[in-house]
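Asks: Got a structure here, written out as structure tokens. Questions coming.
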Amino acid sequence: MKFLFDLIPVLLFFGSYKLAGWNAEATQHFINTHMSGMISGGSVTAEQSPIVIATLVGILATMAQIAWIKLRGRKVDGILWLSLGMFVVFGGLTIYLHDEDFIKWKLSIVYWLFAGALLVSDLVFKKNLMRKSMGEIIDLPDQIWTRLNVAWIAFFTFMGVLNWYLAFVLFKGDTDSWVSFKAFGATAIMFVFIVAQTVYLSRHMKDQA
């Protein structure tokens, strides 16, 4: 359920981008009429309007997620706060400068920040963040926690590089394809990685038992 909950901003970003693309002139008119104060020069082109409106929807959806968690009296994960912060910074630049490159960079930078946090915490502070987040749920030997931490560092690093390559090399100038990758490609890769991790850990847990 949490995995699906975390996908809400991504799916809304994708849906609003596609909807705005199908109605580009109407979206352009809406932005130039109601959002001109948020945009450098006061206006966008029809081609720029889908990414601007999708970015705004993504920011608002992430804010709504946090508000929902707060209203239910639960603690907001640091990852979600980081995601919102990066969304506001890079999304804000995307909207103000109506330049899609900022929101494309945001995904890679978030992945690399996650990888960096896991690495620095382990090397500098001698804390395994994967063990800290999952240690109350499963019991694993030290070497497995180390492998798990390294696996996530490698995964996040790879995903950051993959997003950069797709956004600025393979799909350069093709924002539609990048948006589809963000919504479905990245999500599918994450899902496969989590399933593989779960299978690996379950086998090891059986051995431990």
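Lettering and numbering for the structure tokens are positional, with chains as A, B, ... in the shown order, residues counted from 1 in each chain, and ligands counted from 1 in the shown order.
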Do you have, as JSON lines, the list of residues of range 66-114 of chain A lying at most 12 Å from range 122-145 of chain A, each with its nearest atom pair and that distance in Å to one decimal, counting only C-alpha atoms and ordered by chain then number?
Replies:
{"residue": "A:Asp77", "atom": "CA", "partner": "A:Ser133", "partner_atom": "CA", "distance": 10.4}
{"residue": "A:Gly78", "atom": "CA", "partner": "A:Ser133", "partner_atom": "CA", "distance": 11.2}
{"residue": "A:Ile79", "atom": "CA", "partner": "A:Ser133", "partner_atom": "CA", "distance": 11.6}
{"residue": "A:Phe114", "atom": "CA", "partner": "A:Leu129", "partner_atom": "CA", "distance": 10.5}
Asks: Residues within 10 Å of range 81-85 of chain A, please, as a list of chain:residue names. Count only C-alpha atoms; anything in the same chain fewer than 3 positions from it doesn't count.
Replies: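 Listed by chain and then number, they are A:Gly58, A:Ile59, A:Leu60, A:Ala61, A:Thr62, A:Met63, A:Gln65, A:Ile66, A:Val76, A:Asp77, A:Gly78, A:Val88, A:Val89, A:Phe90, A:Gly91, A:Lys106, A:Leu107, A:Val110, A:Leu113, A:Phe114.
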Asks: Keeping all heavy atoms for every residue in the selection just given, could you write it to a file as a CSV table (one decimal), in the first residue's frame?
Replies:
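Resulting contents of again-v5.csv:
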chain,number,residue,atom,x,y,z
A,58,GLY,N,2.4,18.0,-9.6
A,58,GLY,CA,3.3,17.2,-8.8
A,58,GLY,C,3.7,17.7,-7.4
A,58,GLY,O,3.7,17.0,-6.4
A,59,ILE,N,4.0,19.0,-7.4
A,59,ILE,CA,4.3,19.7,-6.1
A,59,ILE,C,3.1,19.7,-5.2
A,59,ILE,O,3.2,19.4,-4.0
A,59,ILE,CB,4.7,21.2,-6.4
A,59,ILE,CG1,6.1,21.2,-7.2
A,59,ILE,CG2,4.8,21.9,-5.1
A,59,ILE,CD1,6.5,22.6,-7.6
A,60,LEU,N,1.9,20.1,-5.7
A,60,LEU,CA,0.7,20.1,-4.9
A,60,LEU,C,0.3,18.7,-4.4
A,60,LEU,O,-0.1,18.5,-3.3
A,60,LEU,CB,-0.5,20.7,-5.7
A,60,LEU,CG,-0.3,22.2,-6.1
A,60,LEU,CD1,-1.5,22.6,-6.9
A,60,LEU,CD2,-0.2,23.1,-4.8
A,61,ALA,N,0.5,17.7,-5.2
A,61,ALA,CA,0.2,16.3,-4.8
A,61,ALA,C,1.1,15.9,-3.7
A,61,ALA,O,0.7,15.2,-2.8
A,61,ALA,CB,0.3,15.4,-6.0
A,62,THR,N,2.4,16.2,-3.8
A,62,THR,CA,3.3,15.8,-2.7
A,62,THR,C,3.0,16.6,-1.4
A,62,THR,O,3.1,16.0,-0.3
A,62,THR,CB,4.8,16.2,-3.1
A,62,THR,OG1,5.1,15.5,-4.4
A,62,THR,CG2,5.8,15.6,-2.1
A,63,MET,N,2.6,17.8,-1.5
A,63,MET,CA,2.2,18.6,-0.3
A,63,MET,C,0.9,17.9,0.3
A,63,MET,O,0.8,17.8,1.5
A,63,MET,CB,1.9,20.0,-0.7
A,63,MET,CG,3.1,20.9,-1.0
A,63,MET,SD,2.6,22.6,-1.5
A,63,MET,CE,4.2,23.4,-1.6
A,65,GLN,N,0.1,14.8,0.1
A,65,GLN,CA,0.5,13.6,0.7
A,65,GLN,C,0.9,13.8,2.2
A,65,GLN,O,0.5,13.1,3.1
A,65,GLN,CB,1.6,12.9,0.0
A,65,GLN,CG,1.2,12.0,-1.2
A,65,GLN,CD,2.4,11.3,-1.7
A,65,GLN,OE1,3.5,11.8,-1.9
A,65,GLN,NE2,2.3,10.0,-2.0
A,66,ILE,N,1.8,14.8,2.3
A,66,ILE,CA,2.3,15.1,3.6
A,66,ILE,C,1.2,15.6,4.6
A,66,ILE,O,1.1,15.2,5.7
A,66,ILE,CB,3.4,16.2,3.5
A,66,ILE,CG1,4.7,15.6,2.9
A,66,ILE,CG2,3.8,16.8,4.9
A,66,ILE,CD1,5.8,16.6,2.6
A,76,VAL,N,6.0,11.8,9.2
A,76,VAL,CA,6.3,11.9,7.7
A,76,VAL,C,7.8,11.4,7.5
A,76,VAL,O,8.7,11.9,8.2
A,76,VAL,CB,6.2,13.3,7.2
A,76,VAL,CG1,6.5,13.4,5.7
A,76,VAL,CG2,4.7,13.8,7.4
A,77,ASP,N,8.0,10.5,6.6
A,77,ASP,CA,9.3,10.0,6.3
A,77,ASP,C,10.2,11.1,5.8
A,77,ASP,O,9.8,12.0,5.1
A,77,ASP,CB,9.3,8.9,5.3
A,77,ASP,CG,8.6,7.6,5.8
A,77,ASP,OD1,8.5,7.5,7.0
A,77,ASP,OD2,8.2,6.8,4.9
A,78,GLY,N,11.5,11.0,6.2
A,78,GLY,CA,12.5,12.0,5.8
A,78,GLY,C,12.6,12.0,4.2
A,78,GLY,O,12.8,13.1,3.6
A,88,VAL,N,10.0,21.3,-4.9
A,88,VAL,CA,9.7,22.8,-4.8
A,88,VAL,C,10.8,23.6,-5.4
A,88,VAL,O,10.6,24.5,-6.2
A,88,VAL,CB,9.5,23.2,-3.3
A,88,VAL,CG1,9.5,24.7,-3.2
A,88,VAL,CG2,8.2,22.6,-2.7
A,89,VAL,N,12.1,23.2,-5.2
A,89,VAL,CA,13.2,23.9,-5.7
A,89,VAL,C,13.3,23.7,-7.2
A,89,VAL,O,13.3,24.7,-8.0
A,89,VAL,CB,14.5,23.4,-5.1
A,89,VAL,CG1,15.7,24.0,-5.8
A,89,VAL,CG2,14.6,23.8,-3.6
A,90,PHE,N,13.4,22.5,-7.7
A,90,PHE,CA,13.6,22.2,-9.1
A,90,PHE,C,12.3,22.4,-9.9
A,90,PHE,O,12.3,22.9,-11.0
A,90,PHE,CB,14.1,20.8,-9.3
A,90,PHE,CG,15.6,20.7,-9.0
A,90,PHE,CD1,16.0,20.4,-7.7
A,90,PHE,CD2,16.6,20.9,-9.9
A,90,PHE,CE1,17.3,20.3,-7.4
A,90,PHE,CE2,17.9,20.8,-9.6
A,90,PHE,CZ,18.3,20.5,-8.3
A,91,GLY,N,11.2,22.1,-9.2
A,91,GLY,CA,9.9,22.4,-9.9
A,91,GLY,C,9.6,23.9,-10.0
A,91,GLY,O,9.1,24.3,-11.0
A,106,LYS,N,16.0,17.0,-11.5
A,106,LYS,CA,15.6,16.7,-10.1
A,106,LYS,C,15.6,15.2,-9.8
A,106,LYS,O,16.0,14.8,-8.7
A,106,LYS,CB,14.2,17.3,-9.9
A,106,LYS,CG,13.5,17.0,-8.6
A,106,LYS,CD,12.4,15.9,-8.7
A,106,LYS,CE,11.8,15.6,-7.4
A,106,LYS,NZ,10.8,14.5,-7.5
A,107,LEU,N,15.1,14.4,-10.7
A,107,LEU,CA,15.0,13.0,-10.5
A,107,LEU,C,16.4,12.3,-10.2
A,107,LEU,O,16.6,11.6,-9.3
A,107,LEU,CB,14.3,12.3,-11.6
A,107,LEU,CG,13.9,10.8,-11.4
A,107,LEU,CD1,13.0,10.7,-10.2
A,107,LEU,CD2,13.2,10.3,-12.7
A,110,VAL,N,17.9,13.5,-6.8
A,110,VAL,CA,17.2,12.8,-5.7
A,110,VAL,C,17.8,11.4,-5.5
A,110,VAL,O,18.1,11.0,-4.4
A,110,VAL,CB,15.7,12.8,-5.9
A,110,VAL,CG1,15.1,11.8,-4.9
A,110,VAL,CG2,15.1,14.1,-5.7
A,113,LEU,N,21.3,11.8,-4.1
A,113,LEU,CA,21.2,12.1,-2.7
A,113,LEU,C,20.9,10.9,-1.8
A,113,LEU,O,21.5,10.8,-0.7
A,113,LEU,CB,20.2,13.3,-2.5
A,113,LEU,CG,20.6,14.7,-2.9
A,113,LEU,CD1,19.4,15.6,-2.7
A,113,LEU,CD2,21.8,15.2,-2.1
A,114,PHE,N,20.0,10.1,-2.2
A,114,PHE,CA,19.7,8.9,-1.5
A,114,PHE,C,20.9,8.0,-1.4
A,114,PHE,O,21.3,7.5,-0.3
A,114,PHE,CB,18.6,8.1,-2.2
A,114,PHE,CG,17.2,8.7,-2.0
A,114,PHE,CD1,16.2,8.4,-2.9
A,114,PHE,CD2,17.0,9.7,-1.1
A,114,PHE,CE1,14.9,8.9,-2.8
A,114,PHE,CE2,15.7,10.3,-0.9
A,114,PHE,CZ,14.7,9.9,-1.8
Asks: Quick one: which range 93-142 of chain A residues come within 10 Å of range 174-198 of chain A, and what is the nearest atom pair for each with the distance in Å to one decimal, counting only C-alpha atoms, rows ordered by chain and ascending number, as a Markdown table?
Replies:
| residue | atom | partner | partner_atom | distance |
| --- | --- | --- | --- | --- |
| A:Glu100 | CA | A:Thr175 | CA | 8.1 |
| A:Asp101 | CA | A:Thr175 | CA | 9.6 |
| A:Lys104 | CA | A:Trp178 | CA | 8.3 |
| A:Leu107 | CA | A:Lys182 | CA | 8.4 |
Asks: Can you tell me which residues surround Phe14 in chain A at a distance of at most 8 Å, considering only C-alpha atoms, apart from same-chain residues fewer than 2 positions away, and format the answer as a ChimeraX atom specification?
Replies: /A:10-12,16-18,54,179-180,183
Asks: Next, write the just-selected residues to a file, as a PDB file, in the first residue's frame, keeping C-alpha atoms as the atom set.
Replies:
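Okay, this is what ended up in selection-v8.pdb:
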ATOM      1  CA  VAL A  10       4.174  10.458 -10.116  1.00  0.00           C
ATOM      2  CA  LEU A  11       0.910   9.264 -11.654  1.00  0.00           C
ATOM      3  CA  LEU A  12      -0.718  12.674 -11.266  1.00  0.00           C
ATOM      4  CA  SER A  16      -1.716  16.043 -15.960  1.00  0.00           C
ATOM      5  CA  TYR A  17       1.152  16.227 -18.470  1.00  0.00           C
ATOM      6  CA  LYS A  18      -0.722  14.073 -20.963  1.00  0.00           C
ATOM      7  CA  ALA A  54       2.406  18.854 -14.588  1.00  0.00           C
ATOM      8  CA  VAL A 179       7.655  11.564 -18.730  1.00  0.00           C
ATOM      9  CA  SER A 180       6.557   8.023 -19.621  1.00  0.00           C
ATOM     10  CA  ALA A 183       5.959   7.315 -14.517  1.00  0.00           C
TER      11      ALA A 183
END
Asks: Please provide the set of residues having any atom within 12 Å of Phe30 in chain A, restricted to only C-alpha atoms, with same-chain residues fewer than 5 positions apart removed, written as a ChimeraX atom specification.
Replies: /A:20,23-25,35-36,43-46,49-50,52-53
Asks: Would you mind exporting the chosen residues as a compact mmCIF listing (two decimals), in the first residue's frame, restricted to all heavy atoms?
Replies:
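selection_10.txt, freshly written:
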# COMPACT_ATOMS: atom_id res chain seq x y z
N ALA A 20 -2.71 17.94 -20.34
CA ALA A 20 -2.33 19.27 -20.79
C ALA A 20 -1.80 19.25 -22.21
O ALA A 20 -2.04 20.17 -23.00
CB ALA A 20 -1.27 19.86 -19.85
N ASN A 23 -4.55 19.23 -24.65
CA ASN A 23 -5.26 20.51 -24.67
C ASN A 23 -4.25 21.64 -24.47
O ASN A 23 -4.42 22.49 -23.57
CB ASN A 23 -6.32 20.54 -23.56
CG ASN A 23 -7.31 19.40 -23.69
OD1 ASN A 23 -8.28 19.48 -24.42
ND2 ASN A 23 -7.06 18.30 -22.97
N ALA A 24 -3.21 21.64 -25.28
CA ALA A 24 -2.08 22.56 -25.07
C ALA A 24 -2.48 24.03 -25.13
O ALA A 24 -2.02 24.83 -24.31
CB ALA A 24 -0.99 22.26 -26.11
N GLU A 25 -3.32 24.39 -26.07
CA GLU A 25 -3.69 25.81 -26.19
C GLU A 25 -4.53 26.27 -25.01
O GLU A 25 -4.34 27.38 -24.50
CB GLU A 25 -4.43 26.04 -27.51
CG GLU A 25 -3.53 25.87 -28.74
CD GLU A 25 -4.25 26.22 -30.03
OE1 GLU A 25 -5.44 26.61 -29.96
OE2 GLU A 25 -3.61 26.10 -31.10
N MET A 35 -1.42 32.24 -13.92
CA MET A 35 -0.12 31.95 -13.31
C MET A 35 0.98 32.89 -13.81
O MET A 35 2.17 32.62 -13.59
CB MET A 35 0.28 30.49 -13.59
CG MET A 35 -0.63 29.46 -12.98
SD MET A 35 -0.20 27.75 -13.51
CE MET A 35 1.51 27.63 -12.99
N SER A 36 0.61 33.95 -14.46
CA SER A 36 1.62 34.83 -15.07
C SER A 36 2.60 35.40 -14.05
O SER A 36 3.77 35.63 -14.36
CB SER A 36 0.94 35.96 -15.84
OG SER A 36 0.12 36.74 -14.97
N SER A 43 4.51 34.65 -19.44
CA SER A 43 3.76 33.78 -20.36
C SER A 43 4.62 32.59 -20.78
O SER A 43 5.84 32.61 -20.67
CB SER A 43 3.32 34.55 -21.60
OG SER A 43 4.44 34.99 -22.35
N VAL A 44 3.94 31.55 -21.25
CA VAL A 44 4.61 30.36 -21.78
C VAL A 44 4.04 30.08 -23.17
O VAL A 44 2.97 30.56 -23.54
CB VAL A 44 4.41 29.13 -20.87
CG1 VAL A 44 4.99 29.36 -19.50
CG2 VAL A 44 2.92 28.76 -20.78
N THR A 45 4.75 29.25 -23.91
CA THR A 45 4.23 28.80 -25.19
C THR A 45 3.35 27.58 -24.98
O THR A 45 3.39 26.95 -23.91
CB THR A 45 5.38 28.45 -26.15
OG1 THR A 45 6.09 27.31 -25.62
CG2 THR A 45 6.35 29.62 -26.30
N ALA A 46 2.60 27.21 -25.99
CA ALA A 46 1.76 26.01 -25.90
C ALA A 46 2.61 24.77 -25.68
O ALA A 46 2.22 23.85 -24.96
CB ALA A 46 0.91 25.87 -27.16
N SER A 49 3.65 24.55 -21.96
CA SER A 49 2.59 24.52 -20.95
C SER A 49 2.38 23.16 -20.28
O SER A 49 2.14 23.12 -19.06
CB SER A 49 1.28 25.02 -21.55
OG SER A 49 0.86 24.21 -22.63
N PRO A 50 2.49 22.01 -20.97
CA PRO A 50 2.25 20.74 -20.28
C PRO A 50 3.22 20.47 -19.13
O PRO A 50 2.79 20.03 -18.05
CB PRO A 50 2.41 19.70 -21.40
CG PRO A 50 2.08 20.43 -22.65
CD PRO A 50 2.62 21.81 -22.44
N VAL A 52 4.88 22.63 -17.39
CA VAL A 52 4.66 23.60 -16.32
C VAL A 52 3.48 23.17 -15.45
O VAL A 52 3.58 23.14 -14.21
CB VAL A 52 4.40 25.01 -16.91
CG1 VAL A 52 3.92 25.97 -15.82
CG2 VAL A 52 5.67 25.55 -17.56
N ILE A 53 2.38 22.80 -16.07
CA ILE A 53 1.20 22.42 -15.28
C ILE A 53 1.42 21.09 -14.57
O ILE A 53 0.98 20.90 -13.43
CB ILE A 53 -0.06 22.37 -16.17
CG1 ILE A 53 -1.32 22.63 -15.33
CG2 ILE A 53 -0.17 21.08 -16.93
CD1 ILE A 53 -1.46 24.05 -14.85
Asks: Contacts of Trp112 in chain A at 12 Å or less, counting only C-alpha atoms, minus same-chain residues fewer than 2 places along, as a compact mmCIF listing (two decimals) with C-alpha atoms, in the first residue's frame?
Replies:
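Contents of result31.txt, as written:
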# COMPACT_ATOMS: atom_id res chain seq x y z
CA TRP A 105 17.62 16.93 -13.27
CA LYS A 106 15.58 16.71 -10.09
CA LEU A 107 15.01 12.96 -10.47
CA SER A 108 18.71 12.16 -10.92
CA ILE A 109 19.76 14.42 -8.05
CA VAL A 110 17.22 12.84 -5.68
CA PHE A 114 19.70 8.89 -1.48
CA ALA A 115 22.83 6.99 -2.51
CA GLY A 116 25.06 9.60 -0.87
CA ALA A 117 23.07 9.51 2.37
CA LEU A 118 23.41 5.72 2.60
CA LEU A 119 27.12 5.87 1.81
CA VAL A 120 28.05 8.75 4.14
CA TRP A 152 20.68 0.23 -2.57
CA ILE A 153 23.65 2.58 -3.01
CA ALA A 154 24.42 0.94 -6.34
CA PHE A 155 20.75 0.96 -7.35
CA PHE A 156 20.20 4.65 -6.62
CA THR A 157 23.45 5.56 -8.35
CA PHE A 158 22.46 3.55 -11.41
CA MET A 159 18.97 5.07 -11.52
CA GLY A 160 20.41 8.58 -11.36
CA VAL A 161 22.73 7.86 -14.27
CA LEU A 162 19.95 6.13 -16.23
CA ASN A 163 17.60 9.08 -15.78
CA TRP A 164 20.33 11.50 -16.88
Asks: Hey, which of A:Thr27, A:Thr55, A:Thr33, A:Gln48 ends up closest to Pro9 in chain A? Count only C-alpha atoms.
Replies: A:Thr55
Asks: Which distance in Å separates CA of Thr94 in chain A and CA of Val169 in chain A, to one decimal?
Replies: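 Computed distance, CA of Thr94 in chain A to CA of Val169 in chain A, equals 19.2 Å.
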